[in-house]
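A quick write-up on the structure given underneath.
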Amino acid sequence: MAFRCQRDSYAREFTTTVVSCRPAELHTEGSNGKKEVLSGFQVVLEDTLLFPEGGGQFNSSSSEEDRMEGGRKILTILETVEREESKPSSENQNIQVFRVKRTETVPSWNKMDHLTWHCLSPLGNLRFWPDDRGTINDISVLRVTRRGTQADHFTQTPLTPGTEVQVRVDWERRFDHMQQHSGQHLITAVADDLFGLKTTSWELGRLRSVIELDSPSVTAEQVAAIERSVNEKIRDRLPVNVRELSLDDPEVEQVRGRGLPDDHAGPIRVVTIQNIDSNMCCGTHVSNLSDLQVIKILGTEKGKKNKTNLIFLAGNRVLKWMERSHGIEKALTALLKCGAEDHVEAVKKLQNSSKLLQKNNLNLLRDLAVHIAHSLRSSPDWGGVITLHRKDGDSEFMNIIANETGSEETLLFLTVGDEKGAGLFLLAGPAEAVETLGPRVAEVLEGKGAGKKGRFQGKATKMSRRAEVQALLQDYVSTQSAEE
Ligand SMILES: [Zn+2]
């Protein structure tokens, strides 16, 4: 049995009956990325319009024993399917990747129905994609998962078993998934047909999707040829249809080569793009390639274990990507005050001039340090305590001053950084005094430091307490001279 959404991917709403409703928990990730547990209800309907989270038969680890039936050994599910929502990486901003790990490879062909078939690509890898969103009587459905041949809808409001309900699918999300999914079938078929590039898995991302090809490299020419060919087929308005084949159908022989095990039982769901491809799949698809509008292949990235990832956008995503790129381009044009074709050159120039400025700044700072050191030597406080703070500067700046003054009798307290916040400090002077005072200075400034031979330096978090340090140093000096 297939769900209503599989029989008619274009249906946006329908009426059905609530079969059961029981309390449940949803383990999910909140918008802040933190794990949260929502309490609610698990609602089962007679049929559904909301495509469930796909992949394996189970969402969590599951293991059953082999059993004998009619003298034949039947392998039951021994597959562990894990759901992995990886964090967006820096280059993959805002992309949520859904991936399934197959940790056990003893499939239970007998127990799998056609719904599970999609999970197997020609090379036997699992595929996975996110579920639909929608409403039941205007109550939001937060997750749809498949359990055997039924779908569990998670809601936060209970529904009464036996009542008729109106189910509505979040069409924008669904149609987007249909475009990406049919787009993947098309690209997979064309890549195989043109260059013998086999698809090993694919991922439906939030912004862009990825097809993993079983080849260490794919050339730019191959990418261009694949893109050209898939768009040609979209313009040819080729129909896409979904059929259920019984096992004795002669056509089954053709799909058998794509990984159908000899002992498979039950009907097989086959998605066919006319004259292009027939693939066992349980997903929701467009009925004609023209509904894909356009496919853009953004390029390739090195994949895992000698594979290559092909990144693509289908349909409305191409428009969204354009809008986003154009927005960035406009902002850059305003900032850089030049046309898009000159952006790269303008940024390169800015980077070079900033490097040069940094270098000049450093030289000036060094010269300044020498100059400051000389003027400090002629200060009336020379021989006592001398403090100096400068916003701009670094550890080198302070060390040059300490070196140039050659302070052996004077306590030199230098600081750089934010006047009230964090910064660096250096204490120089008579070895014994510095050894005693250094750790206390670090403590007052709520920082850390270390030193030897008349010099103690470190990081501070409370520059605002510099006056306290100065008082501490003055105190020390006056006690010392009183003792003499
Ligand atoms: Zn598929």
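In the structure tokens, chains take letters A, B, ... by order of appearance, with residues numbered from 1 within each chain and ligands from 1 in the order shown.
For ligand 1, the neighbouring protein, DNA and RNA residues, which are those within 7 Å when only C-alpha atoms and all ligand atoms are counted, are His118, His181, His185, Cys281, Cys282 and Gly283 of chain A.
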Okay, now the selection with C-alpha atoms, as an mmCIF file, in the first residue's frame?
data_model
loop_
_atom_site.group_PDB
_atom_site.id
_atom_site.type_symbol
_atom_site.label_atom_id
_atom_site.label_comp_id
_atom_site.auth_asym_id
_atom_site.auth_seq_id
_atom_site.Cartn_x
_atom_site.Cartn_y
_atom_site.Cartn_z
ATOM 1 C CA HIS A 118 14.146 4.204 -2.530
ATOM 2 C CA HIS A 181 14.253 14.789 -5.861
ATOM 3 C CA HIS A 185 16.946 11.261 -10.570
ATOM 4 C CA CYS A 281 11.810 4.891 -5.548
ATOM 5 C CA CYS A 282 9.140 5.694 -2.993
ATOM 6 C CA GLY A 283 9.477 9.484 -3.080
#
Item to check | Shell of 10 Å around Asp138 of chain A, only C-alpha atoms, local chain residues under 4 positions omitted, as a PyMOL selection string | outcome: chain A and resi 134+165-168
Checklist entry - What lies within 10 Å of Lys459 of chain A using only C-alpha atoms, ignoring chain neighbours under 6 positions off, as a VMD selection string? => result chain A and resid 395 415 to 417 422 to 426 442 445 to 450
Next on the checklist: Env of Ser209 of chain A: 8 Å cut, atoms = only C-alpha atoms, seq-sep filter 2 positions within chain, self excluded. Answer as number ranges by chain.
Outcome noted: A: 180, 202-207, 211, 311-313
Put those residues in a file: all heavy atoms, as a compact mmCIF listing (two decimals), in the first residue's frame.
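The new file again08.txt reads:
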# COMPACT_ATOMS: atom_id res chain seq x y z
N GLN A 180 13.75 18.94 -6.22
CA GLN A 180 15.12 18.49 -5.96
C GLN A 180 15.25 16.98 -6.19
O GLN A 180 16.23 16.50 -6.75
CB GLN A 180 15.58 18.81 -4.51
CG GLN A 180 15.37 20.24 -4.06
CD GLN A 180 15.73 21.28 -5.10
OE1 GLN A 180 16.81 21.25 -5.67
NE2 GLN A 180 14.82 22.21 -5.36
N TRP A 202 22.86 10.63 -2.18
CA TRP A 202 22.59 12.06 -2.38
C TRP A 202 22.01 12.66 -1.12
O TRP A 202 21.46 11.96 -0.28
CB TRP A 202 21.70 12.29 -3.60
CG TRP A 202 20.23 12.16 -3.38
CD1 TRP A 202 19.53 11.00 -3.22
CD2 TRP A 202 19.28 13.22 -3.32
NE1 TRP A 202 18.20 11.27 -3.07
CE2 TRP A 202 18.01 12.63 -3.12
CE3 TRP A 202 19.37 14.61 -3.41
CZ2 TRP A 202 16.85 13.39 -3.01
CZ3 TRP A 202 18.20 15.37 -3.30
CH2 TRP A 202 16.97 14.75 -3.10
N GLU A 203 22.16 13.96 -0.99
CA GLU A 203 21.66 14.66 0.19
C GLU A 203 20.83 15.86 -0.25
O GLU A 203 21.23 16.60 -1.13
CB GLU A 203 22.83 15.18 1.02
CG GLU A 203 23.64 14.10 1.66
CD GLU A 203 24.97 14.62 2.17
OE1 GLU A 203 25.24 15.83 2.03
OE2 GLU A 203 25.75 13.80 2.68
N LEU A 204 19.70 16.00 0.41
CA LEU A 204 18.85 17.16 0.14
C LEU A 204 19.18 18.21 1.19
O LEU A 204 18.86 18.05 2.36
CB LEU A 204 17.38 16.73 0.23
CG LEU A 204 16.30 17.78 0.14
CD1 LEU A 204 16.47 18.66 -1.09
CD2 LEU A 204 14.94 17.13 0.10
N GLY A 205 19.86 19.27 0.78
CA GLY A 205 20.23 20.32 1.72
C GLY A 205 19.19 21.42 1.76
O GLY A 205 18.26 21.43 0.98
N ARG A 206 19.34 22.33 2.70
CA ARG A 206 18.37 23.43 2.82
C ARG A 206 18.48 24.41 1.67
O ARG A 206 17.50 24.96 1.21
CB ARG A 206 18.60 24.17 4.12
CG ARG A 206 17.52 23.87 5.12
CD ARG A 206 17.72 24.69 6.35
NE ARG A 206 17.31 23.92 7.51
CZ ARG A 206 17.61 24.22 8.75
NH1 ARG A 206 18.37 25.27 8.99
NH2 ARG A 206 17.18 23.49 9.73
N LEU A 207 19.72 24.66 1.23
CA LEU A 207 19.91 25.60 0.12
C LEU A 207 20.29 24.90 -1.17
O LEU A 207 19.85 25.28 -2.23
CB LEU A 207 21.01 26.62 0.46
CG LEU A 207 20.71 27.71 1.46
CD1 LEU A 207 21.91 28.62 1.63
CD2 LEU A 207 19.51 28.53 1.01
N ILE A 211 24.97 15.39 -4.95
CA ILE A 211 24.95 14.01 -5.45
C ILE A 211 26.37 13.49 -5.35
O ILE A 211 27.31 14.10 -5.85
CB ILE A 211 24.47 13.96 -6.92
CG1 ILE A 211 22.99 14.34 -7.01
CG2 ILE A 211 24.68 12.56 -7.51
CD1 ILE A 211 22.45 14.43 -8.43
N ILE A 311 27.27 19.49 -6.82
CA ILE A 311 26.32 20.35 -6.10
C ILE A 311 25.33 20.93 -7.09
O ILE A 311 25.74 21.50 -8.11
CB ILE A 311 27.07 21.47 -5.36
CG1 ILE A 311 28.04 20.82 -4.37
CG2 ILE A 311 26.14 22.39 -4.61
CD1 ILE A 311 29.39 21.39 -4.43
N PHE A 312 24.04 20.80 -6.78
CA PHE A 312 23.05 21.28 -7.74
C PHE A 312 21.87 21.98 -7.08
O PHE A 312 21.62 21.83 -5.89
CB PHE A 312 22.54 20.12 -8.62
CG PHE A 312 21.54 19.23 -7.94
CD1 PHE A 312 20.17 19.43 -8.10
CD2 PHE A 312 21.96 18.18 -7.13
CE1 PHE A 312 19.24 18.61 -7.48
CE2 PHE A 312 21.04 17.35 -6.51
CZ PHE A 312 19.68 17.56 -6.68
N LEU A 313 21.18 22.78 -7.90
CA LEU A 313 19.94 23.43 -7.50
C LEU A 313 18.92 23.10 -8.58
O LEU A 313 19.26 23.08 -9.76
CB LEU A 313 20.08 24.95 -7.49
CG LEU A 313 21.22 25.60 -6.71
CD1 LEU A 313 21.31 27.07 -7.08
CD2 LEU A 313 20.98 25.45 -5.22
Item to check | Spatial neighbours of segment 429-435 of chain A, max dist 8 Å, only C-alpha atoms, sep filter under 5 positions, as an NGL selection string | outcome: :A and (407-412 or 451-456)
Dump all heavy atoms for the selected residues as a CSV table (one decimal), in the first residue's frame?
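result_3.csv, written as the output of this step:
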chain,number,residue,atom,x,y,z
A,407,SER,N,66.1,50.3,32.0
A,407,SER,CA,65.8,50.6,33.4
A,407,SER,C,66.2,49.6,34.4
A,407,SER,O,65.8,48.5,34.4
A,407,SER,CB,64.2,50.8,33.4
A,407,SER,OG,63.8,50.2,34.6
A,408,GLU,N,67.2,50.0,35.2
A,408,GLU,CA,67.6,49.0,36.2
A,408,GLU,C,67.2,49.5,37.6
A,408,GLU,O,67.1,48.8,38.6
A,408,GLU,CB,69.1,48.8,36.2
A,408,GLU,CG,69.5,47.7,35.3
A,408,GLU,CD,70.9,47.8,34.7
A,408,GLU,OE1,71.7,48.4,35.3
A,408,GLU,OE2,71.1,47.2,33.6
A,409,GLU,N,67.1,50.8,37.7
A,409,GLU,CA,66.7,51.4,39.0
A,409,GLU,C,65.2,51.8,39.0
A,409,GLU,O,64.6,51.9,40.1
A,409,GLU,CB,67.6,52.7,39.3
A,409,GLU,CG,69.1,52.4,39.3
A,409,GLU,CD,69.4,51.4,40.3
A,409,GLU,OE1,68.9,51.4,41.4
A,409,GLU,OE2,70.3,50.5,39.9
A,410,THR,N,64.7,52.1,37.9
A,410,THR,CA,63.3,52.6,37.8
A,410,THR,C,62.3,51.5,37.6
A,410,THR,O,62.6,50.5,36.9
A,410,THR,CB,63.2,53.5,36.5
A,410,THR,OG1,64.2,54.5,36.6
A,410,THR,CG2,61.9,54.2,36.5
A,411,LEU,N,61.1,51.6,38.2
A,411,LEU,CA,60.0,50.6,38.0
A,411,LEU,C,59.2,51.1,36.8
A,411,LEU,O,58.6,52.2,36.9
A,411,LEU,CB,59.2,50.5,39.2
A,411,LEU,CG,59.5,49.3,40.2
A,411,LEU,CD1,58.5,49.4,41.4
A,411,LEU,CD2,59.4,48.0,39.5
A,412,LEU,N,59.2,50.4,35.7
A,412,LEU,CA,58.6,50.8,34.5
A,412,LEU,C,57.3,50.0,34.4
A,412,LEU,O,57.4,48.7,34.3
A,412,LEU,CB,59.5,50.6,33.4
A,412,LEU,CG,59.2,51.2,32.0
A,412,LEU,CD1,59.1,52.8,32.1
A,412,LEU,CD2,60.3,50.9,31.0
A,451,GLY,N,57.4,35.9,34.0
A,451,GLY,CA,58.6,36.7,33.7
A,451,GLY,C,59.9,36.2,34.4
A,451,GLY,O,59.8,35.4,35.3
A,452,LYS,N,61.0,36.8,34.0
A,452,LYS,CA,62.3,36.6,34.7
A,452,LYS,C,63.2,37.7,34.4
A,452,LYS,O,63.0,38.5,33.5
A,452,LYS,CB,62.8,35.2,34.2
A,452,LYS,CG,63.0,35.1,32.8
A,452,LYS,CD,63.6,33.8,32.4
A,452,LYS,CE,63.7,33.7,30.9
A,452,LYS,NZ,64.0,32.4,30.3
A,453,LYS,N,64.3,37.8,35.2
A,453,LYS,CA,65.3,38.7,35.0
A,453,LYS,C,64.8,40.2,34.9
A,453,LYS,O,65.1,40.9,33.9
A,453,LYS,CB,66.2,38.4,33.8
A,453,LYS,CG,67.1,37.1,34.1
A,453,LYS,CD,67.9,36.8,32.9
A,453,LYS,CE,68.6,35.5,33.1
A,453,LYS,NZ,69.1,34.9,31.8
A,454,GLY,N,64.1,40.6,35.9
A,454,GLY,CA,63.7,42.0,35.9
A,454,GLY,C,62.6,42.4,34.9
A,454,GLY,O,62.4,43.5,34.5
A,455,ARG,N,61.9,41.4,34.4
A,455,ARG,CA,60.8,41.7,33.4
A,455,ARG,C,59.6,40.7,33.7
A,455,ARG,O,59.8,39.5,33.8
A,455,ARG,CB,61.2,41.6,32.0
A,455,ARG,CG,60.5,42.5,31.1
A,455,ARG,CD,61.2,42.7,29.8
A,455,ARG,NE,62.4,43.6,29.9
A,455,ARG,CZ,63.0,44.1,28.8
A,455,ARG,NH1,62.6,43.7,27.6
A,455,ARG,NH2,64.0,44.9,28.9
A,456,PHE,N,58.4,41.3,33.8
A,456,PHE,CA,57.2,40.4,34.0
A,456,PHE,C,56.1,41.0,33.1
A,456,PHE,O,55.8,42.1,33.1
A,456,PHE,CB,56.8,40.6,35.5
A,456,PHE,CG,55.7,39.6,35.9
A,456,PHE,CD1,56.0,38.4,36.5
A,456,PHE,CD2,54.3,39.9,35.6
A,456,PHE,CE1,55.0,37.5,36.9
A,456,PHE,CE2,53.3,39.0,36.0
A,456,PHE,CZ,53.7,37.8,36.6
Kindly assemble as CSV a list of the segment 212-236 of chain A residues that lie within 12 Å of segment 314-335 of chain A, each paired with its nearest atom pair and their distance in Å to one decimal, using only C-alpha atoms, sorted first by chain and then by ascending residue number.
residue,atom,partner,partner_atom,distance
A:Glu227,CA,A:Ala314,CA,11.0
A:Val230,CA,A:Ala314,CA,10.6
A:Asn231,CA,A:Ala314,CA,10.2
A:Ile234,CA,A:Gly315,CA,10.6
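Every protein, DNA or RNA residue with an atom at most 8 Å from Pro161 of chain A, where only C-alpha atoms count and chain neighbours fewer than 6 positions away do not, is listed here: Thr17, Val18, Val19, Ser20 and Cys21 of chain A.
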Restricting the output to C-alpha atoms, write the selected residues as a PDB file, in the first residue's frame.
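Once written, result.pdb looks like this:
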ATOM      1  CA  THR A  17     -10.052   9.700   9.562  1.00  0.00           C
ATOM      2  CA  VAL A  18      -8.028   9.594  12.752  1.00  0.00           C
ATOM      3  CA  VAL A  19      -7.133   5.995  13.629  1.00  0.00           C
ATOM      4  CA  SER A  20      -5.283   6.556  16.894  1.00  0.00           C
ATOM      5  CA  CYS A  21      -3.749   9.253  19.033  1.00  0.00           C
TER       6      CYS A  21
END
Checklist entry - Could you state the separation of atom CA of Thr219 of chain A and atom CA of Gly196 of chain A in Å, given to one decimal place? => result 13.3 Å
So which bits of segment 151-301 of chain A end up helix (DSSP H, G or I) when you DSSP the backbone, as a CSV table (one decimal) with N, CA, C and O atoms, in the first residue's frame?
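The new file selection.csv reads:
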chain,number,residue,atom,x,y,z
A,171,TRP,N,2.8,23.1,0.9
A,171,TRP,CA,3.0,22.9,-0.5
A,171,TRP,C,4.4,23.4,-1.0
A,171,TRP,O,5.1,22.8,-1.8
A,172,GLU,N,4.8,24.6,-0.5
A,172,GLU,CA,6.0,25.2,-0.9
A,172,GLU,C,7.2,24.2,-0.6
A,172,GLU,O,8.1,24.0,-1.4
A,173,ARG,N,7.2,23.7,0.6
A,173,ARG,CA,8.2,22.7,1.0
A,173,ARG,C,8.2,21.5,0.2
A,173,ARG,O,9.2,21.0,-0.3
A,174,ARG,N,6.9,20.9,0.1
A,174,ARG,CA,6.8,19.7,-0.7
A,174,ARG,C,7.2,19.8,-2.1
A,174,ARG,O,8.0,19.0,-2.7
A,175,PHE,N,6.8,20.9,-2.8
A,175,PHE,CA,7.1,21.1,-4.2
A,175,PHE,C,8.6,21.2,-4.4
A,175,PHE,O,9.2,20.7,-5.3
A,176,ASP,N,9.2,21.9,-3.4
A,176,ASP,CA,10.7,22.1,-3.4
A,176,ASP,C,11.3,20.7,-3.4
A,176,ASP,O,12.2,20.4,-4.1
A,177,HIS,N,10.9,19.9,-2.5
A,177,HIS,CA,11.4,18.5,-2.3
A,177,HIS,C,11.2,17.7,-3.6
A,177,HIS,O,12.1,17.0,-4.1
A,178,MET,N,10.0,17.9,-4.2
A,178,MET,CA,9.8,17.2,-5.5
A,178,MET,C,10.7,17.6,-6.6
A,178,MET,O,11.3,16.8,-7.3
A,179,GLN,N,11.0,18.9,-6.6
A,179,GLN,CA,11.9,19.4,-7.7
A,179,GLN,C,13.3,18.9,-7.5
A,179,GLN,O,14.0,18.5,-8.4
A,180,GLN,N,13.8,18.9,-6.2
A,180,GLN,CA,15.1,18.5,-6.0
A,180,GLN,C,15.3,17.0,-6.2
A,180,GLN,O,16.2,16.5,-6.8
A,181,HIS,N,14.2,16.2,-5.8
A,181,HIS,CA,14.3,14.8,-5.9
A,181,HIS,C,14.2,14.3,-7.3
A,181,HIS,O,15.0,13.5,-7.8
A,182,SER,N,13.2,14.8,-8.1
A,182,SER,CA,13.2,14.4,-9.5
A,182,SER,C,14.4,15.0,-10.2
A,182,SER,O,14.9,14.3,-11.1
A,183,GLY,N,14.9,16.1,-9.8
A,183,GLY,CA,16.1,16.7,-10.4
A,183,GLY,C,17.3,15.7,-10.2
A,183,GLY,O,18.1,15.5,-11.1
A,184,GLN,N,17.3,15.2,-9.0
A,184,GLN,CA,18.4,14.2,-8.7
A,184,GLN,C,18.3,13.0,-9.5
A,184,GLN,O,19.3,12.5,-10.1
A,185,HIS,N,17.1,12.4,-9.7
A,185,HIS,CA,16.9,11.3,-10.6
A,185,HIS,C,17.5,11.6,-12.0
A,185,HIS,O,18.2,10.8,-12.6
A,186,LEU,N,17.1,12.8,-12.5
A,186,LEU,CA,17.5,13.1,-13.8
A,186,LEU,C,19.0,13.3,-14.0
A,186,LEU,O,19.6,12.7,-14.9
A,187,ILE,N,19.6,14.0,-13.0
A,187,ILE,CA,21.1,14.2,-13.1
A,187,ILE,C,21.8,12.8,-13.0
A,187,ILE,O,22.7,12.5,-13.7
A,188,THR,N,21.3,12.0,-12.0
A,188,THR,CA,21.9,10.7,-11.8
A,188,THR,C,21.9,9.9,-13.1
A,188,THR,O,22.9,9.3,-13.5
A,189,ALA,N,20.7,9.9,-13.8
A,189,ALA,CA,20.6,9.1,-15.0
A,189,ALA,C,21.5,9.7,-16.1
A,189,ALA,O,22.2,8.9,-16.8
A,190,VAL,N,21.6,11.0,-16.3
A,190,VAL,CA,22.4,11.6,-17.3
A,190,VAL,C,23.9,11.4,-17.1
A,190,VAL,O,24.6,11.1,-18.0
A,191,ALA,N,24.3,11.6,-15.8
A,191,ALA,CA,25.7,11.4,-15.5
A,191,ALA,C,26.1,10.0,-15.8
A,191,ALA,O,27.3,9.7,-16.3
A,192,ASP,N,25.3,9.0,-15.5
A,192,ASP,CA,25.6,7.6,-15.8
A,192,ASP,C,25.6,7.4,-17.3
A,192,ASP,O,26.5,6.8,-17.8
A,193,ASP,N,24.6,7.9,-18.0
A,193,ASP,CA,24.4,7.7,-19.4
A,193,ASP,C,25.6,8.3,-20.2
A,193,ASP,O,26.2,7.7,-21.1
A,194,LEU,N,26.0,9.5,-19.9
A,194,LEU,CA,27.0,10.2,-20.6
A,194,LEU,C,28.4,9.8,-20.3
A,194,LEU,O,29.3,9.6,-21.2
A,195,PHE,N,28.7,9.6,-19.0
A,195,PHE,CA,30.1,9.3,-18.6
A,195,PHE,C,30.2,8.1,-17.7
A,195,PHE,O,31.3,7.9,-17.2
A,220,ALA,N,35.3,19.8,-15.4
A,220,ALA,CA,34.4,21.0,-15.7
A,220,ALA,C,33.6,20.7,-17.0
A,220,ALA,O,32.5,21.1,-17.1
A,221,GLU,N,34.3,20.1,-17.9
A,221,GLU,CA,33.6,19.8,-19.2
A,221,GLU,C,32.5,18.8,-19.0
A,221,GLU,O,31.4,19.0,-19.6
A,222,GLN,N,32.7,17.8,-18.2
A,222,GLN,CA,31.7,16.8,-17.9
A,222,GLN,C,30.5,17.5,-17.2
A,222,GLN,O,29.4,17.2,-17.5
A,223,VAL,N,30.8,18.3,-16.2
A,223,VAL,CA,29.8,19.1,-15.5
A,223,VAL,C,28.9,19.9,-16.5
A,223,VAL,O,27.7,19.8,-16.4
A,224,ALA,N,29.6,20.6,-17.4
A,224,ALA,CA,28.9,21.4,-18.3
A,224,ALA,C,28.0,20.6,-19.2
A,224,ALA,O,26.9,21.0,-19.5
A,225,ALA,N,28.5,19.4,-19.7
A,225,ALA,CA,27.8,18.6,-20.6
A,225,ALA,C,26.5,18.0,-19.8
A,225,ALA,O,25.4,17.9,-20.4
A,226,ILE,N,26.7,17.6,-18.5
A,226,ILE,CA,25.6,17.1,-17.8
A,226,ILE,C,24.5,18.2,-17.6
A,226,ILE,O,23.3,18.0,-17.8
A,227,GLU,N,25.0,19.4,-17.3
A,227,GLU,CA,24.0,20.5,-17.1
A,227,GLU,C,23.2,20.8,-18.4
A,227,GLU,O,22.0,21.0,-18.4
A,228,ARG,N,24.0,20.8,-19.5
A,228,ARG,CA,23.4,21.1,-20.8
A,228,ARG,C,22.3,20.0,-21.1
A,228,ARG,O,21.2,20.3,-21.4
A,229,SER,N,22.7,18.8,-20.9
A,229,SER,CA,21.8,17.7,-21.2
A,229,SER,C,20.5,17.7,-20.3
A,229,SER,O,19.4,17.5,-20.8
A,230,VAL,N,20.7,17.9,-19.0
A,230,VAL,CA,19.5,17.8,-18.1
A,230,VAL,C,18.5,19.0,-18.5
A,230,VAL,O,17.3,18.8,-18.5
A,231,ASN,N,19.0,20.1,-18.8
A,231,ASN,CA,18.1,21.3,-19.2
A,231,ASN,C,17.5,21.1,-20.5
A,231,ASN,O,16.3,21.5,-20.7
A,232,GLU,N,18.2,20.4,-21.4
A,232,GLU,CA,17.6,20.0,-22.7
A,232,GLU,C,16.4,19.1,-22.5
A,232,GLU,O,15.3,19.3,-23.1
A,233,LYS,N,16.5,18.2,-21.5
A,233,LYS,CA,15.4,17.2,-21.3
A,233,LYS,C,14.3,17.9,-20.6
A,233,LYS,O,13.1,17.5,-20.7
A,234,ILE,N,14.6,18.9,-19.8
A,234,ILE,CA,13.5,19.7,-19.1
A,234,ILE,C,12.7,20.4,-20.2
A,234,ILE,O,11.5,20.4,-20.2
A,235,ARG,N,13.4,21.0,-21.2
A,235,ARG,CA,12.8,21.7,-22.3
A,235,ARG,C,11.9,20.7,-23.2
A,235,ARG,O,10.9,21.1,-23.8
A,252,VAL,N,10.3,-6.1,-14.6
A,252,VAL,CA,11.0,-6.2,-13.4
A,252,VAL,C,12.5,-6.6,-13.7
A,252,VAL,O,13.4,-6.2,-13.0
A,253,GLU,N,12.6,-7.4,-14.7
A,253,GLU,CA,14.0,-7.9,-15.1
A,253,GLU,C,14.9,-6.7,-15.3
A,253,GLU,O,16.1,-6.7,-15.0
A,254,GLN,N,14.3,-5.6,-15.9
A,254,GLN,CA,15.2,-4.4,-16.2
A,254,GLN,C,15.6,-3.7,-14.9
A,254,GLN,O,16.7,-3.2,-14.8
A,255,VAL,N,14.7,-3.7,-13.9
A,255,VAL,CA,15.2,-3.0,-12.7
A,255,VAL,C,15.9,-3.9,-11.8
A,255,VAL,O,16.7,-3.5,-10.9
A,256,ARG,N,15.8,-5.2,-12.0
A,256,ARG,CA,16.5,-6.2,-11.2
A,256,ARG,C,18.0,-5.9,-11.2
A,256,ARG,O,18.7,-6.0,-10.2
A,289,LEU,N,9.0,16.7,-16.5
A,289,LEU,CA,10.2,17.4,-16.2
A,289,LEU,C,10.1,18.9,-16.4
A,289,LEU,O,10.9,19.6,-15.8
A,290,SER,N,9.1,19.4,-17.1
A,290,SER,CA,8.9,20.8,-17.3
A,290,SER,C,8.7,21.5,-15.9
A,290,SER,O,9.0,22.7,-15.7
A,291,ASP,N,8.2,20.7,-14.9
A,291,ASP,CA,7.9,21.3,-13.6
A,291,ASP,C,9.3,21.5,-12.8
A,291,ASP,O,9.3,22.1,-11.8
A,292,LEU,N,10.4,21.0,-13.4
A,292,LEU,CA,11.7,21.3,-12.8
A,292,LEU,C,12.1,22.7,-13.1
A,292,LEU,O,13.1,23.2,-12.5
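Note that the spacing between atom CA of Leu310 of chain A and atom CA of Phe51 of chain A amounts to 25.8 Å.
Counting only C-alpha atoms and comparing A:Val44, A:Ala369, A:Leu364, A:Leu473, the residue that lies closest to Ala24 of chain A is A:Val44.
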Item to check | Residue set, segment 146-384 of chain A restricted to strand (DSSP E or B), as a PyMOL selection string | outcome: chain A and resi 146-147+150-155+164-169+199-203+209-213+239-245+268-273+277-280+288+295-302+308-314
Checklist outcome for this item: Closest of A:Met398, A:Val385, A:Val477, A:Val271 to Gln457 of chain A, counting only C-alpha atoms, is A:Met398
